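Input: a single structure, listed below in structure tokens.
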Amino acid sequence: MFIRNVEHLLTGFVFLLVGTFFGAYGLLFYETGTIEEMGPGWFPFFISLGLIVLGVIQVLRSIATTTYGVVSFEIARPIFITALIIGMSYAWPYIGAATALGLIMSGSGLLNPKYELKWFLVSWLFIIALLVAFKYGLGMSVVIWN
Amino acid sequence: MELVYLGIETVFSNYTWLYCIFGIVLGTLVGVLPGLGPTATISMLLPVTYGLGPIPSIIMLAGIYYGSQYGGSTTAILLNTPGESSAVMTCIDGNKMTRKGKAGPAIFAAGFSSFIAGVFATILLVTLSPMLSVLALKFGPAEYCALIGLGFLSVGILTTGDIFKGIGMCFIGVLIGTIGTDIQTGVIRFAFFDELEDGISFPIVAIGLFAFAEIIKNITKDEAMQLYKGTIQLFPSKEEFKRIIPPSIRGSFIGSFLGLIPGGSSTISSYAAYAIDKKYGNKDAEYGEGAIEGVAAPESANNAASQTGFIPLLSLGIPENATMALMLGALLLTGIVPGPDIVSREPELFWGLAISMLFGNLLLVILNIPFIKIWVTVLRIPYNTLYPIIIAICCIGIYSINSNVNDVVITAVLGLAGYVCLMLRLEVAPLMLGLILGPMLEEYFRRAMMFSDGSFMIFVDRPIAFTLILCAGALGAYGLYNTLRNK
């Protein structure tokens, strides 16, 4: 058995993972009912089943196909930027939106060696102005400074 | 024609046109800002409608609606971020055009094709309105299910070229759409924390899977972070202008028809118009690589559908989306009760609205041409400098929806998931369609099965549903053949 197309294989795994998660969780925790009187679990279960079937097909295609497909990922920078946004979102109520967003901008800017301080300051001032407009113009409930 | 004159008189008396202008300007602004969509804006303005009266208020709210669609297409073209679900298809070619220095023609094509659609839909309204209400009444749960199924197949096949990947992404979207409260039983499903009890709202998923994913991809691919250094074209050439018109007419026709079907929506029509144009349109156009036809077709379709979508809203009281539902609320607040006889009962309202849309679409083109220069100036800022501020603006937009930081967290996680999808060449557009239409599909499928005592023969016995199923079957066979041929 030889995997010729990694793209099909990984796609299949994604479908299997999502399908199995929703299908199993739905089956365990929600009533399925009958087709005439569907419970809350009926529809998600059958869609999950369809997704699992498609996942199996994709895995089989990765072996049966005659075309090669490679996938290249980068892990460090995507994880860093996602973690930065998540971390600052949770810090937002404690340090204020202006500081949290300033840290998101400066942190994500670090990924680019050419990012300049003057651009950061101009962008940050713009963001603070936007926050003020949202808070006082549109009545958004937000703590700008803390 | 008398009714058209009545509409013109309604719009240009009592400063009603001013409300139309206010609506489209506000709509364009909220459409450009990611996150703050027309639903939030209209909900904020609902109390104002008490004092305005039914006609000015519905004209203003309609202006916000289609103005936001135009604004949404601007962000789709420039930043690959659809401000509205109906602008998802515009991202594909619109953003590619931007990367080739053709942001100006793309924005112009969006505005001009919307105007063509506005004219087309108004002509249709004038000539076909009595029949249209009757057609809308023929759609029951089985027809909706068949229509949505056809939509899934066409989008799944035609956007990805791989039936398995396309349908798989639709299914993932449908499953994400089941998160939240089940309307029929009241059971909360897959809500692992409180914020998910009402489901994941569209802007969160759209910004996560499109904007954040695109930013992450660009950061990881250093060559993609290079600024476009060529001349940025502001207006289309004569040849490009000519290429806008045929897809706009096709898109207008498709959008006008699909908009009539309650639940057909501007989103489905933009998908369908793109798919059909890709198949039968200009053979020389490189769809998916920055073809101006790929902007004109979905933009004309979504605009036409949003216009004819008022027929099911006004005649049947069925809103096609949350924004329309709010407009229905505004109508009821001002004492207008929708019904099949509304065209004859409230002619000023119906025809005033139709003419105001025509007027508003013309104004959108005129008002936004000077803005093209401002929008494309944004592109002069190096992407390396721009992306941190785009992230921050997106965060503010997401936070503004529910004033909740957890929404920002969900968007960030979806951004990472979107990046994985991009790397696996999994198109996100079918997922978005599944997310939007999934809850409707579940509801209509439930009803269809309830009416038929669980028999699938309901899809065969009803002629419209059966025709749609046959179309879906033919499309599925074609998609399967293509996929297997390419292996």
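Following the order of the structure tokens, chains are lettered A, B, ..., residues in each are numbered from 1, and ligands are numbered from 1.
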
I'd like a table as CSV: residues in chain A with an atom no more than 6 Å from chain B, each row giving the shortest atom pair and its distance in Å to one decimal, only C-alpha atoms counted, sorted by chain and rising residue number.
residue,atom,partner,partner_atom,distance
A:Glu7,CA,B:Leu424,CA,5.8
A:Ile35,CA,B:Gly454,CA,5.4
A:Glu36,CA,B:Gly454,CA,4.6
A:Leu51,CA,B:Gly168,CA,5.8
A:Thr65,CA,B:Lys487,CA,5.7
A:Pro78,CA,B:Ile216,CA,5.7
A:Thr82,CA,B:Ala412,CA,5.5
A:Ile86,CA,B:Val409,CA,5.0
A:Ser89,CA,B:Val405,CA,5.5
A:Leu101,CA,B:Ala392,CA,5.8
A:Met105,CA,B:Pro388,CA,4.6
A:Ser108,CA,B:Pro388,CA,5.9

Output N, CA, C and O atoms for every residue in the selection just made, as an mmCIF file, in the first residue's frame.
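Wrote it out as part-v4.cif, contents follow:
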data_model
loop_
_atom_site.group_PDB
_atom_site.id
_atom_site.type_symbol
_atom_site.label_atom_id
_atom_site.label_comp_id
_atom_site.auth_asym_id
_atom_site.auth_seq_id
_atom_site.Cartn_x
_atom_site.Cartn_y
_atom_site.Cartn_z
ATOM 1 N N GLU A 7 -2.318 15.064 -0.105
ATOM 2 C CA GLU A 7 -3.408 16.058 -0.007
ATOM 3 C C GLU A 7 -4.755 15.358 0.187
ATOM 4 O O GLU A 7 -5.534 15.715 1.071
ATOM 5 N N ILE A 35 -37.619 9.279 11.380
ATOM 6 C CA ILE A 35 -37.573 10.194 10.224
ATOM 7 C C ILE A 35 -38.821 11.087 10.159
ATOM 8 O O ILE A 35 -38.757 12.228 9.724
ATOM 9 N N GLU A 36 -39.969 10.571 10.652
ATOM 10 C CA GLU A 36 -41.179 11.397 10.654
ATOM 11 C C GLU A 36 -41.108 12.472 11.734
ATOM 12 O O GLU A 36 -41.571 13.587 11.546
ATOM 13 N N LEU A 51 -20.257 12.714 5.842
ATOM 14 C CA LEU A 51 -18.895 13.261 5.876
ATOM 15 C C LEU A 51 -17.874 12.144 6.106
ATOM 16 O O LEU A 51 -16.790 12.152 5.502
ATOM 17 N N THR A 65 -5.154 6.842 -6.488
ATOM 18 C CA THR A 65 -4.937 7.878 -7.508
ATOM 19 C C THR A 65 -3.628 7.680 -8.275
ATOM 20 O O THR A 65 -2.688 7.040 -7.778
ATOM 21 N N PRO A 78 1.843 30.516 12.133
ATOM 22 C CA PRO A 78 0.375 30.476 12.316
ATOM 23 C C PRO A 78 -0.035 30.268 13.774
ATOM 24 O O PRO A 78 -0.974 30.909 14.256
ATOM 25 N N THR A 82 -2.096 33.053 16.079
ATOM 26 C CA THR A 82 -3.384 32.633 16.656
ATOM 27 C C THR A 82 -3.332 32.746 18.181
ATOM 28 O O THR A 82 -4.260 33.280 18.804
ATOM 29 N N ILE A 86 -5.606 35.085 20.670
ATOM 30 C CA ILE A 86 -6.388 34.463 21.749
ATOM 31 C C ILE A 86 -5.958 35.046 23.101
ATOM 32 O O ILE A 86 -6.787 35.447 23.925
ATOM 33 N N SER A 89 -7.085 38.567 23.515
ATOM 34 C CA SER A 89 -8.542 38.656 23.659
ATOM 35 C C SER A 89 -8.951 38.421 25.100
ATOM 36 O O SER A 89 -9.825 39.121 25.636
ATOM 37 N N LEU A 101 -5.068 45.566 21.632
ATOM 38 C CA LEU A 101 -4.926 45.629 20.169
ATOM 39 C C LEU A 101 -3.535 46.131 19.776
ATOM 40 O O LEU A 101 -2.969 45.687 18.771
ATOM 41 N N MET A 105 -1.005 44.122 17.401
ATOM 42 C CA MET A 105 -0.364 44.722 16.209
ATOM 43 C C MET A 105 1.151 44.632 16.296
ATOM 44 O O MET A 105 1.824 44.266 15.325
ATOM 45 N N SER A 108 2.196 40.860 16.025
ATOM 46 C CA SER A 108 2.125 40.316 14.659
ATOM 47 C C SER A 108 3.128 41.023 13.749
ATOM 48 O O SER A 108 3.665 40.419 12.821
#

Excluding Trp92 (chain A) and any residue of its chain fewer than 4 positions from it, enumerate the residues within 10 Å of it, using only C-alpha atoms, and give them as number ranges by chain. A: 86-88, 96-101, 142-146; B: 405

For the atom pair CA of Phe29 (chain A) and CA of Phe45 (chain A), what is the interatomic distance in Å to one decimal place?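 So the two atoms, CA of Phe29 (chain A) and CA of Phe45 (chain A), lie 11.1 Å apart.
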
Surrounding residues of Gly19 (chain A) excluding itself and chain neighbours under 2 positions, 8 Å, only C-alpha atoms, as number ranges by chain: A: 15-17, 21-23, 47-52; B: 172

Using DSSP on the backbone coordinates, identify all residues within region 17-51 of chain A classified as alpha helix (DSSP H); present the result as a PyMOL selection string. chain A and resi 17-29+42-51

Determine, counting only C-alpha atoms, which protein, DNA and RNA residues have an atom within 9 Å of an atom of Leu364 (chain B); residues of the same chain fewer than 6 positions away are not included. Present the result as JSON, numbers by chain. {"B": [21, 24, 25, 28, 67, 70, 111, 112, 114, 115]}
